[in-house]
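Note sheet for the following structure.
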Amino acid sequence: MRSFIGRDILSLKDFERAEFFRVFEVCDRLRPHAEDRRNTDLLKDKTLLTAFYQPSTRTRLATEAAMHRLGGHVLGFSDPRMTRAGDFYQESIKDTVHMLEYYADVIAMRHFQQGAPAEAAKWSSVPVINCGDGWGEHPTQVLTDLYTVLKEKGRIDGLHFMCIGDMRMRTMHSIGYALTNFDCEATFISPPDMSPTEEWKAELVEQNLRFREVEDVKDAIADADVIYMEPVVQADYTKSREERGKTVERTPVKYRVTRDLLRDRGKSDAIILHSLPRMDELPPDVDDTRHARYWEEAFNGVVLRMALLALVLGAVE
Ligand code: CP
């Protein structure tokens, strides 16, 4: 297994099976600090910089919370319009990163351009963590999700994942790549204009993932151990900022997971993950069912980022 020290976390395409379990093992070790709300001093000499060119609630704040839990320092920006990258100068990633690398020991970046964190990593002498790049990938979210599955189901191998939503989304790309490392089957359900790209499907076939595409959630939910959801009514992730108009479409029934559907057709022990934010594809009354695990997933988002920061900064190897 490759060392994590100093490593960029850009994609799950190149993650090896043993590396997933190494990250999860460190999660278990650091988890008590998050559960007990007890900060430690593991990273007291280190600083995290969050460079967020796109809005975020969970990813940025969970990463910053993780650094605080480990006793580290945090600085950064959550709106590029307050930097020279977002004003008249439109400062390049290269020039920006040549500054940021002097201010911190690790950079967590979200960007509306696919590949921007990889471009940053090319110029940075400190590790770069991809916190979501356009339609590209969202590796820290999917590591969080698989850690949640492991905690909640006791295993990842042998489970059937039903992925519903816009298959062009970065989380969907990362979950597909990740699942190729496990003995899992997947079902993909999306509107035709949001269906998986041929290129992505070819990569999954190449890596031996067994998957099928289905048109309606009711035709697949009976097989699902893990219901993995994203909205189909959503923003364009390739734009720097997109405000919601007055009229919002409703999610068609065949891409929604409701209490009735879970009761009538779902597996009794199926769990639902949703990286959030949600629209109407997952009604709030599902929150009270035994299937909901998205709040545990949100908590695990802090634990997972604690593990990644500790690993790339060499505090646990
Ligand atoms: N899950 C997720 O990426 O949420 P945010 O956009 O709030 O970070």
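The way I read the labels, and the way they are meant: chains A, B, ... in the order of the structure tokens, residue 1 as the first residue of every chain, and ligand 1 as the first ligand shown, with later ones counted on from there.
Considering only C-alpha atoms and all ligand atoms, every residue of the polymer chains approaching ligand 1 to 8 Å or closer is listed here: Pro55, Ser56, Thr57, Arg58, Thr59, Arg60, Leu61, Cys131, Gly132, His138, Gln141, His274, Ser275, Leu276 and Pro277 of chain A.
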Write out as a PyMOL selection string the residues lying within 10 Å of Trp200 of chain A, counting only C-alpha atoms and excluding same-chain residues fewer than 4 positions away.
-> chain A and resi 167-168+173+176-177+196+204-206
Residues flagged strand (DSSP E) by DSSP in segment 120-199 of chain A, as a list in words = Val128, Ile129, Asn130, Cys131, Gly132, Asp133, His160, Phe161, Met162, Cys163, Ile164, Glu185, Ala186, Thr187, Phe188 and Ile189 of chain A
Using N, CA, C and O atoms, can you write the selected residues to a file as an mmCIF file, in the first residue's frame?
data_model
loop_
_atom_site.group_PDB
_atom_site.id
_atom_site.type_symbol
_atom_site.label_atom_id
_atom_site.label_comp_id
_atom_site.auth_asym_id
_atom_site.auth_seq_id
_atom_site.Cartn_x
_atom_site.Cartn_y
_atom_site.Cartn_z
ATOM 1 N N VAL A 128 -3.030 18.476 -1.637
ATOM 2 C CA VAL A 128 -4.310 19.092 -2.015
ATOM 3 C C VAL A 128 -5.399 18.021 -1.897
ATOM 4 O O VAL A 128 -5.232 16.901 -2.396
ATOM 5 N N ILE A 129 -6.488 18.377 -1.237
ATOM 6 C CA ILE A 129 -7.633 17.462 -1.102
ATOM 7 C C ILE A 129 -8.777 18.010 -1.955
ATOM 8 O O ILE A 129 -9.197 19.161 -1.783
ATOM 9 N N ASN A 130 -9.249 17.174 -2.875
ATOM 10 C CA ASN A 130 -10.359 17.561 -3.747
ATOM 11 C C ASN A 130 -11.667 17.486 -2.964
ATOM 12 O O ASN A 130 -12.100 16.405 -2.567
ATOM 13 N N CYS A 131 -12.296 18.613 -2.774
ATOM 14 C CA CYS A 131 -13.573 18.670 -2.039
ATOM 15 C C CYS A 131 -14.751 18.829 -2.995
ATOM 16 O O CYS A 131 -15.818 19.327 -2.602
ATOM 17 N N GLY A 132 -14.556 18.401 -4.251
ATOM 18 C CA GLY A 132 -15.603 18.485 -5.267
ATOM 19 C C GLY A 132 -15.160 19.392 -6.386
ATOM 20 O O GLY A 132 -14.919 20.579 -6.147
ATOM 21 N N ASP A 133 -15.045 18.825 -7.616
ATOM 22 C CA ASP A 133 -14.595 19.634 -8.762
ATOM 23 C C ASP A 133 -15.574 19.476 -9.922
ATOM 24 O O ASP A 133 -15.592 18.470 -10.616
ATOM 25 N N HIS A 160 -25.765 -4.645 -2.418
ATOM 26 C CA HIS A 160 -26.269 -4.092 -3.681
ATOM 27 C C HIS A 160 -26.574 -2.603 -3.473
ATOM 28 O O HIS A 160 -27.363 -2.248 -2.602
ATOM 29 N N PHE A 161 -25.931 -1.765 -4.257
ATOM 30 C CA PHE A 161 -26.139 -0.312 -4.175
ATOM 31 C C PHE A 161 -27.114 0.117 -5.266
ATOM 32 O O PHE A 161 -26.911 -0.205 -6.444
ATOM 33 N N MET A 162 -28.141 0.844 -4.869
ATOM 34 C CA MET A 162 -29.036 1.450 -5.864
ATOM 35 C C MET A 162 -28.768 2.955 -5.855
ATOM 36 O O MET A 162 -29.038 3.640 -4.861
ATOM 37 N N CYS A 163 -28.210 3.454 -6.948
ATOM 38 C CA CYS A 163 -27.826 4.869 -7.036
ATOM 39 C C CYS A 163 -28.873 5.603 -7.868
ATOM 40 O O CYS A 163 -29.064 5.279 -9.041
ATOM 41 N N ILE A 164 -29.523 6.578 -7.256
ATOM 42 C CA ILE A 164 -30.601 7.320 -7.938
ATOM 43 C C ILE A 164 -30.223 8.784 -8.004
ATOM 44 O O ILE A 164 -29.857 9.377 -6.978
ATOM 45 N N GLU A 185 -22.706 -5.056 -6.340
ATOM 46 C CA GLU A 185 -23.428 -4.799 -7.592
ATOM 47 C C GLU A 185 -24.098 -3.437 -7.463
ATOM 48 O O GLU A 185 -24.397 -3.001 -6.348
ATOM 49 N N ALA A 186 -24.319 -2.793 -8.607
ATOM 50 C CA ALA A 186 -24.941 -1.464 -8.578
ATOM 51 C C ALA A 186 -26.068 -1.384 -9.601
ATOM 52 O O ALA A 186 -25.994 -1.989 -10.680
ATOM 53 N N THR A 187 -27.089 -0.624 -9.228
ATOM 54 C CA THR A 187 -28.167 -0.279 -10.165
ATOM 55 C C THR A 187 -28.201 1.237 -10.257
ATOM 56 O O THR A 187 -28.193 1.916 -9.221
ATOM 57 N N PHE A 188 -28.226 1.755 -11.479
ATOM 58 C CA PHE A 188 -28.242 3.205 -11.687
ATOM 59 C C PHE A 188 -29.609 3.623 -12.233
ATOM 60 O O PHE A 188 -30.103 3.025 -13.196
ATOM 61 N N ILE A 189 -30.161 4.655 -11.629
ATOM 62 C CA ILE A 189 -31.478 5.155 -12.060
ATOM 63 C C ILE A 189 -31.393 6.669 -12.211
ATOM 64 O O ILE A 189 -31.064 7.373 -11.243
#
Minimum-distance residue to Val316 of chain A, chosen among A:Trp295, A:Tyr102, A:Phe4, A:Phe182 (using only C-alpha atoms) =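 Among A:Trp295, A:Tyr102, A:Phe4, A:Phe182, it is A:Phe4 that comes nearest to Val316 of chain A.
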Residue nearest Asp145 of chain A - candidates A:Thr96, A:Val106, A:Arg17, A:Val226, atoms counted: only C-alpha atoms =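 Answer, going by the shortest atom-to-atom distance: A:Val226.
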So how far away is atom CA of Leu313 of chain A from atom CA of Phe24 of chain A, in Å?
-> 16.4 Å
For segment 47-53 of chain A, list every protein, DNA or RNA residue within 9 Å, evaluated using only C-alpha atoms, and leave out those in the same chain fewer than 3 positions away; present the list as an MDAnalysis selection string.
-> chainID A and resid 43:44 56 60 63:64 67 72:81 85:86 100:101 103:112 131 240:241 309
For Ser195 of chain A, which residue among A:Asp166, A:Glu215, A:Glu137, A:Glu25 is the nearest when counting only C-alpha atoms?
->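 For Ser195 of chain A, the nearest of the given residues is A:Asp166.
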Which is closest to Pro252 of chain A among A:Pro191, A:Gly115, A:Gly6, A:Pro284, if we use only C-alpha atoms?
->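 The shortest atom-to-atom distance to Pro252 of chain A comes from A:Pro191.
Among the candidate residues A:Arg278, A:Arg69, A:Lys13, A:Lys122, the one lying nearest to Asp95 of chain A is A:Lys122, with distances computed using only C-alpha atoms.
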Atom pair atom CA of Glu317 of chain A / atom CA of Arg2 of chain A: separation (Å) =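 Taking atom CA of Glu317 of chain A as the start and atom CA of Arg2 of chain A as the end point, the length is 11.4 Å.
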